[in-house]
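A.B. asks: If it helps, the file is called my_file_5.tsv and holds TSV, N, CA and C atoms:
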chain	number	residue	atom	x	y	z
A	1	MET	N	0.82	-1.19	0.00
A	1	MET	CA	0.00	0.00	0.00
A	1	MET	C	0.87	1.26	0.00
A	2	GLU	N	1.96	1.25	0.74
A	2	GLU	CA	2.82	2.43	0.79
A	2	GLU	C	3.47	2.70	-0.55
A	3	ILE	N	3.85	1.64	-1.28
A	3	ILE	CA	4.47	1.83	-2.59
A	3	ILE	C	3.49	2.49	-3.53
A	4	ALA	N	2.25	2.06	-3.53
A	4	ALA	CA	1.23	2.68	-4.38
A	4	ALA	C	1.07	4.15	-4.04
A	5	ASP	N	1.06	4.46	-2.73
A	5	ASP	CA	0.94	5.86	-2.32
A	5	ASP	C	2.11	6.68	-2.84
A	6	GLU	N	3.33	6.14	-2.79
A	6	GLU	CA	4.50	6.84	-3.28
A	6	GLU	C	4.38	7.10	-4.77
A	7	GLN	N	3.93	6.10	-5.51
A	7	GLN	CA	3.80	6.26	-6.95
A	7	GLN	C	2.74	7.29	-7.29
A	8	GLU	N	1.68	7.34	-6.51
A	8	GLU	CA	0.64	8.33	-6.77
A	8	GLU	C	1.14	9.75	-6.52
A	9	ARG	N	2.06	9.94	-5.58
A	9	ARG	CA	2.56	11.27	-5.27
A	9	ARG	C	3.63	11.72	-6.25
A	10	LYS	N	4.28	10.81	-6.92
A	10	LYS	CA	5.40	11.15	-7.78
A	10	LYS	C	5.05	12.16	-8.88
A	11	PRO	N	3.93	12.01	-9.61
A	11	PRO	CA	3.63	13.01	-10.64
A	11	PRO	C	3.53	14.43	-10.08
A	12	GLU	N	2.95	14.58	-8.89
A	12	GLU	CA	2.86	15.90	-8.28
A	12	GLU	C	4.25	16.44	-7.99
A	13	HIS	N	5.12	15.59	-7.47
A	13	HIS	CA	6.50	16.00	-7.20
A	13	HIS	C	7.19	16.41	-8.50
A	14	ASP	N	6.96	15.65	-9.57
A	14	ASP	CA	7.56	15.99	-10.86
A	14	ASP	C	7.06	17.34	-11.35
A	15	PHE	N	5.76	17.62	-11.15
A	15	PHE	CA	5.19	18.90	-11.56
A	15	PHE	C	5.83	20.04	-10.77
A	16	ILE	N	5.98	19.87	-9.47
A	16	ILE	CA	6.61	20.90	-8.64
A	16	ILE	C	8.04	21.13	-9.09
A	17	GLN	N	8.77	20.05	-9.35
A	17	GLN	CA	10.15	20.16	-9.82
A	17	GLN	C	10.19	20.88	-11.17
A	18	MET	N	9.28	20.54	-12.07
A	18	MET	CA	9.24	21.17	-13.38
A	18	MET	C	8.92	22.66	-13.25
A	19	THR	N	7.98	23.00	-12.37
A	19	THR	CA	7.62	24.40	-12.15
A	19	THR	C	8.82	25.17	-11.60
A	20	THR	N	9.54	24.60	-10.66
A	20	THR	CA	10.73	25.24	-10.11
A	20	THR	C	11.76	25.46	-11.21
A	21	THR	N	11.94	24.47	-12.06
A	21	THR	CA	12.89	24.60	-13.16
A	21	THR	C	12.45	25.69	-14.12
A	22	MET	N	11.16	25.73	-14.46
A	22	MET	CA	10.67	26.77	-15.35
A	22	MET	C	10.92	28.14	-14.74
A	23	ASN	N	10.67	28.28	-13.44
A	23	ASN	CA	10.90	29.56	-12.78
A	23	ASN	C	12.36	29.96	-12.90
A	24	GLN	N	13.24	29.04	-12.63
A	24	GLN	CA	14.66	29.34	-12.70
A	24	GLN	C	15.10	29.65	-14.12
A	25	GLU	N	14.43	29.07	-15.10
A	25	GLU	CA	14.77	29.36	-16.49
A	25	GLU	C	14.45	30.80	-16.85
A	26	ILE	N	13.64	31.45	-16.07
A	26	ILE	CA	13.31	32.86	-16.32
A	26	ILE	C	14.14	33.77	-15.42
A	27	GLU	N	14.11	33.54	-14.12
A	27	GLU	CA	14.81	34.44	-13.20
A	27	GLU	C	16.33	34.43	-13.38
A	28	VAL	N	16.91	33.27	-13.53
A	28	VAL	CA	18.38	33.18	-13.59
A	28	VAL	C	18.96	34.01	-14.73
A	29	PRO	N	18.46	33.88	-15.97
A	29	PRO	CA	19.03	34.72	-17.03
A	29	PRO	C	18.84	36.21	-16.79
A	30	ILE	N	17.70	36.59	-16.19
A	30	ILE	CA	17.47	38.01	-15.90
A	30	ILE	C	18.49	38.50	-14.87
A	31	ARG	N	18.66	37.72	-13.79
A	31	ARG	CA	19.66	38.10	-12.77
A	31	ARG	C	21.06	38.19	-13.38
A	32	ASN	N	21.41	37.20	-14.19
A	32	ASN	CA	22.74	37.19	-14.80
A	32	ASN	C	22.95	38.38	-15.72
A	33	PHE	N	21.92	38.73	-16.50
A	33	PHE	CA	22.04	39.88	-17.38
A	33	PHE	C	22.25	41.16	-16.58
A	34	ILE	N	21.46	41.34	-15.54
A	34	ILE	CA	21.60	42.55	-14.72
A	34	ILE	C	22.98	42.60	-14.09
A	35	ALA	N	23.43	41.50	-13.53
A	35	ALA	CA	24.74	41.47	-12.88
A	35	ALA	C	25.85	41.81	-13.88
A	36	SER	N	25.82	41.19	-15.04
A	36	SER	CA	26.90	41.37	-16.02
A	36	SER	C	26.84	42.68	-16.77
A	37	ASN	N	25.65	43.10	-17.17
A	37	ASN	CA	25.52	44.22	-18.09
A	37	ASN	C	25.12	45.54	-17.45
A	38	LEU	N	24.56	45.48	-16.24
A	38	LEU	CA	24.14	46.73	-15.59
A	38	LEU	C	24.94	47.00	-14.32
A	39	LEU	N	25.26	45.95	-13.59
A	39	LEU	CA	26.05	46.11	-12.37
A	39	LEU	C	27.54	45.87	-12.61
A	40	TYR	N	27.87	45.26	-13.73
A	40	TYR	CA	29.25	44.87	-14.05
A	40	TYR	C	29.87	44.09	-12.91
A	41	SER	N	29.09	43.15	-12.38
A	41	SER	CA	29.50	42.37	-11.22
A	41	SER	C	29.85	40.95	-11.61
A	42	LYS	N	30.96	40.47	-11.08
A	42	LYS	CA	31.33	39.07	-11.25
A	42	LYS	C	30.79	38.23	-10.09
A	43	ASP	N	30.22	38.91	-9.10
A	43	ASP	CA	29.68	38.22	-7.93
A	43	ASP	C	28.21	37.88	-8.07
A	44	GLY	N	27.62	38.19	-9.21
A	44	GLY	CA	26.22	37.88	-9.43
A	44	GLY	C	25.31	38.99	-8.94
A	45	PHE	N	24.03	38.68	-8.94
A	45	PHE	CA	22.99	39.62	-8.54
A	45	PHE	C	22.66	39.34	-7.09
A	46	ASN	N	23.08	40.20	-6.18
A	46	ASN	CA	22.95	39.96	-4.74
A	46	ASN	C	21.81	40.73	-4.10
A	47	TYR	N	20.70	40.79	-4.78
A	47	TYR	CA	19.51	41.45	-4.27
A	47	TYR	C	18.35	40.45	-4.31
A	48	PRO	N	17.34	40.65	-3.47
A	48	PRO	CA	16.14	39.80	-3.59
A	48	PRO	C	15.45	40.06	-4.93
A	49	ASP	N	14.75	39.07	-5.44
A	49	ASP	CA	14.07	39.23	-6.72
A	49	ASP	C	13.01	40.32	-6.68
A	50	GLN	N	12.52	40.67	-5.49
A	50	GLN	CA	11.49	41.70	-5.36
A	50	GLN	C	12.08	43.10	-5.18
A	51	ALA	N	13.39	43.22	-5.09
A	51	ALA	CA	14.02	44.53	-4.87
A	51	ALA	C	13.74	45.46	-6.05
A	52	SER	N	13.40	46.71	-5.74
A	52	SER	CA	13.16	47.72	-6.77
A	52	SER	C	14.48	48.11	-7.42
A	53	LEU	N	14.58	47.85	-8.70
A	53	LEU	CA	15.82	48.17	-9.42
A	53	LEU	C	16.01	49.68	-9.53
A	54	LEU	N	14.93	50.42	-9.58
A	54	LEU	CA	15.02	51.88	-9.64
A	54	LEU	C	15.42	52.46	-8.29
A	55	ARG	N	14.72	52.06	-7.23
A	55	ARG	CA	15.03	52.59	-5.89
A	55	ARG	C	16.43	52.22	-5.43
A	56	GLU	N	16.89	51.03	-5.80
A	56	GLU	CA	18.23	50.58	-5.40
A	56	GLU	C	19.31	51.23	-6.25
A	57	GLY	N	18.91	51.96	-7.28
A	57	GLY	CA	19.89	52.61	-8.15
A	57	GLY	C	20.57	51.65	-9.10
A	58	ILE	N	19.97	50.51	-9.35
A	58	ILE	CA	20.57	49.49	-10.22
A	58	ILE	C	20.38	49.86	-11.68
A	59	ILE	N	19.22	50.42	-12.00
A	59	ILE	CA	18.96	50.80	-13.39
A	59	ILE	C	18.50	52.25	-13.48
A	60	ASP	N	18.73	52.82	-14.67
A	60	ASP	CA	18.20	54.12	-15.02
A	60	ASP	C	17.42	53.91	-16.32
A	61	SER	N	17.07	54.98	-17.00
A	61	SER	CA	16.25	54.83	-18.21
A	61	SER	C	16.98	54.04	-19.29
A	62	LEU	N	18.27	54.21	-19.42
A	62	LEU	CA	19.03	53.44	-20.41
A	62	LEU	C	19.05	51.96	-20.02
A	63	GLY	N	19.14	51.67	-18.73
A	63	GLY	CA	19.09	50.29	-18.25
A	63	GLY	C	17.77	49.62	-18.58
A	64	VAL	N	16.68	50.38	-18.50
A	64	VAL	CA	15.36	49.84	-18.85
A	64	VAL	C	15.35	49.46	-20.33
A	65	VAL	N	15.91	50.32	-21.17
A	65	VAL	CA	15.99	50.02	-22.61
A	65	VAL	C	16.78	48.73	-22.84
A	66	GLU	N	17.89	48.58	-22.14
A	66	GLU	CA	18.70	47.36	-22.27
A	66	GLU	C	17.92	46.13	-21.80
A	67	LEU	N	17.18	46.26	-20.71
A	67	LEU	CA	16.38	45.14	-20.21
A	67	LEU	C	15.27	44.76	-21.19
A	68	VAL	N	14.63	45.75	-21.78
A	68	VAL	CA	13.58	45.48	-22.77
A	68	VAL	C	14.18	44.70	-23.94
A	69	GLU	N	15.30	45.15	-24.44
A	69	GLU	CA	15.97	44.46	-25.56
A	69	GLU	C	16.36	43.04	-25.17
A	70	PHE	N	16.88	42.88	-23.97
A	70	PHE	CA	17.26	41.55	-23.50
A	70	PHE	C	16.06	40.61	-23.44
A	71	LEU	N	14.96	41.07	-22.82
A	71	LEU	CA	13.79	40.20	-22.71
A	71	LEU	C	13.25	39.83	-24.08
A	72	GLN	N	13.25	40.79	-25.00
A	72	GLN	CA	12.74	40.51	-26.35
A	72	GLN	C	13.59	39.46	-27.06
A	73	THR	N	14.89	39.58	-26.96
A	73	THR	CA	15.77	38.65	-27.68
A	73	THR	C	15.91	37.31	-26.95
A	74	HIS	N	16.11	37.35	-25.65
A	74	HIS	CA	16.36	36.10	-24.91
A	74	HIS	C	15.11	35.24	-24.78
A	75	PHE	N	13.97	35.87	-24.51
A	75	PHE	CA	12.73	35.11	-24.27
A	75	PHE	C	11.77	35.16	-25.46
A	76	ASN	N	12.19	35.85	-26.52
A	76	ASN	CA	11.39	35.94	-27.75
A	76	ASN	C	9.99	36.48	-27.46
A	77	VAL	N	9.94	37.58	-26.71
A	77	VAL	CA	8.66	38.23	-26.42
A	77	VAL	C	8.68	39.63	-27.05
A	78	LYS	N	7.53	40.10	-27.44
A	78	LYS	CA	7.38	41.45	-27.97
A	78	LYS	C	6.94	42.35	-26.83
A	79	VAL	N	7.70	43.39	-26.57
A	79	VAL	CA	7.37	44.35	-25.52
A	79	VAL	C	6.84	45.62	-26.18
A	80	GLU	N	5.58	45.91	-25.91
A	80	GLU	CA	4.97	47.12	-26.45
A	80	GLU	C	5.37	48.32	-25.59
A	81	GLN	N	5.39	49.49	-26.19
A	81	GLN	CA	5.80	50.70	-25.47
A	81	GLN	C	4.99	50.90	-24.20
A	82	GLN	N	3.68	50.67	-24.25
A	82	GLN	CA	2.83	50.89	-23.08
A	82	GLN	C	3.08	49.85	-21.98
A	83	GLU	N	3.80	48.77	-22.29
A	83	GLU	CA	4.11	47.75	-21.29
A	83	GLU	C	5.38	48.07	-20.50
A	84	VAL	N	6.13	49.06	-20.94
A	84	VAL	CA	7.36	49.44	-20.25
A	84	VAL	C	6.99	50.34	-19.07
A	85	ARG	N	6.61	49.67	-17.98
A	85	ARG	CA	6.16	50.34	-16.75
A	85	ARG	C	6.83	49.66	-15.56
A	86	PRO	N	6.90	50.36	-14.43
A	86	PRO	CA	7.51	49.76	-13.24
A	86	PRO	C	6.87	48.43	-12.83
A	87	ASP	N	5.56	48.29	-13.00
A	87	ASP	CA	4.95	47.02	-12.57
A	87	ASP	C	5.40	45.85	-13.43
A	88	ASN	N	6.04	46.12	-14.56
A	88	ASN	CA	6.61	45.04	-15.39
A	88	ASN	C	8.13	44.97	-15.33
A	89	PHE	N	8.80	46.08	-15.03
A	89	PHE	CA	10.26	46.13	-15.17
A	89	PHE	C	11.03	46.61	-13.95
A	90	ASP	N	10.39	46.80	-12.80
A	90	ASP	CA	11.10	47.37	-11.66
A	90	ASP	C	11.80	46.34	-10.79
A	91	SER	N	11.60	45.07	-11.06
A	91	SER	CA	12.29	44.04	-10.27
A	91	SER	C	12.43	42.77	-11.10
A	92	VAL	N	13.30	41.90	-10.66
A	92	VAL	CA	13.45	40.60	-11.33
A	92	VAL	C	12.12	39.85	-11.28
A	93	ALA	N	11.45	39.89	-10.14
A	93	ALA	CA	10.17	39.19	-9.99
A	93	ALA	C	9.13	39.75	-10.96
A	94	ASN	N	9.07	41.08	-11.11
A	94	ASN	CA	8.12	41.69	-12.04
A	94	ASN	C	8.42	41.30	-13.48
A	95	MET	N	9.70	41.32	-13.85
A	95	MET	CA	10.07	40.95	-15.22
A	95	MET	C	9.77	39.48	-15.49
A	96	ALA	N	10.05	38.62	-14.54
A	96	ALA	CA	9.77	37.19	-14.71
A	96	ALA	C	8.27	36.95	-14.87
A	97	ALA	N	7.46	37.64	-14.07
A	97	ALA	CA	6.01	37.52	-14.20
A	97	ALA	C	5.54	38.03	-15.56
A	98	PHE	N	6.13	39.12	-16.02
A	98	PHE	CA	5.80	39.68	-17.33
A	98	PHE	C	6.12	38.66	-18.43
A	99	VAL	N	7.30	38.07	-18.36
A	99	VAL	CA	7.70	37.07	-19.36
A	99	VAL	C	6.73	35.88	-19.33
A	100	ARG	N	6.37	35.43	-18.14
A	100	ARG	CA	5.43	34.31	-18.02
A	100	ARG	C	4.08	34.65	-18.67
A	101	ARG	N	3.61	35.86	-18.43
A	101	ARG	CA	2.33	36.28	-19.03
A	101	ARG	C	2.44	36.31	-20.55
A	102	LYS	N	3.54	36.85	-21.04
A	102	LYS	CA	3.73	37.00	-22.48
A	102	LYS	C	3.93	35.65	-23.18
A	103	THR	N	4.53	34.70	-22.49
A	103	THR	CA	4.81	33.40	-23.12
A	103	THR	C	3.77	32.36	-22.78
A	104	GLY	N	2.83	32.72	-21.92
A	104	GLY	CA	1.81	31.75	-21.51
A	104	GLY	C	2.32	30.75	-20.51
A	105	ALA	N	3.45	31.04	-19.86
A	105	ALA	CA	4.04	30.12	-18.86
A	105	ALA	C	3.53	30.41	-17.47
A	106	ALA	N	2.60	31.33	-17.33
A	106	ALA	CA	2.09	31.70	-16.00
A	106	ALA	C	1.21	30.63	-15.42
Written as structure tokens, that's how I'd like the structure from this file.
C.D. replies:
Amino acid sequence: MEIADEQERKPEHDFIQMTTTMNQEIEVPIRNFIASNLLYSKDGFNYPDQASLLREGIIDSLGVVELVEFLQTHFNVKVEQQEVRPDNFDSVANMAAFVRRKTGAA
């Protein structure tokens, strides 16, 4: 009986693992891009994903342009001018959510 219970739980575990992987496939490249191209850091992105990139002084208007270009090329999403707002681009978490919405991965 216990073996059957384990087998029944396995697909859910696989789904959780797959979801975690999908999340990392979005956040990690965004963090790496910011660290390398905006912070010029070899130590990576050492902020929480919810940290405001504007308030922390990590990006300015030119940085936003670079992020838009990065998201369009790396994730193959089209970013409309009206979508370039803080609720989409002010943090790694916001950008990842934006990419998920645009790609249907939400």
A.B. asks: What is the CA of Glu83 (chain A) to CA of Val64 (chain A) distance in Å?
C.D. replies: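 According to the coordinates, CA of Glu83 (chain A) and CA of Val64 (chain A) are separated by 11.7 Å.
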A.B. asks: Show me, as a ChimeraX atom specification, the residues that have an atom within 9 Å of Asp49 (chain A) when counting only C-alpha atoms, minus same-chain residues fewer than 4 positions from it.
C.D. replies: /A:27,31,91-94
A.B. asks: Rank A:Gly57, A:Gly104, A:Asn32, A:Glu69 by their smallest atom-to-atom distance to Phe45 (chain A), using all atoms listed in the file, and report the top residue only.
C.D. replies: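 Closest to Phe45 (chain A), using all atoms listed in the file: A:Asn32.
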A.B. asks: Quick check, in Å to one decimal: how far apart do atom N of Ala97 (chain A) and atom N of Ile26 (chain A) lie?
C.D. replies: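 Spanning atom N of Ala97 (chain A) to atom N of Ile26 (chain A) is a straight-line distance of 9.0 Å.
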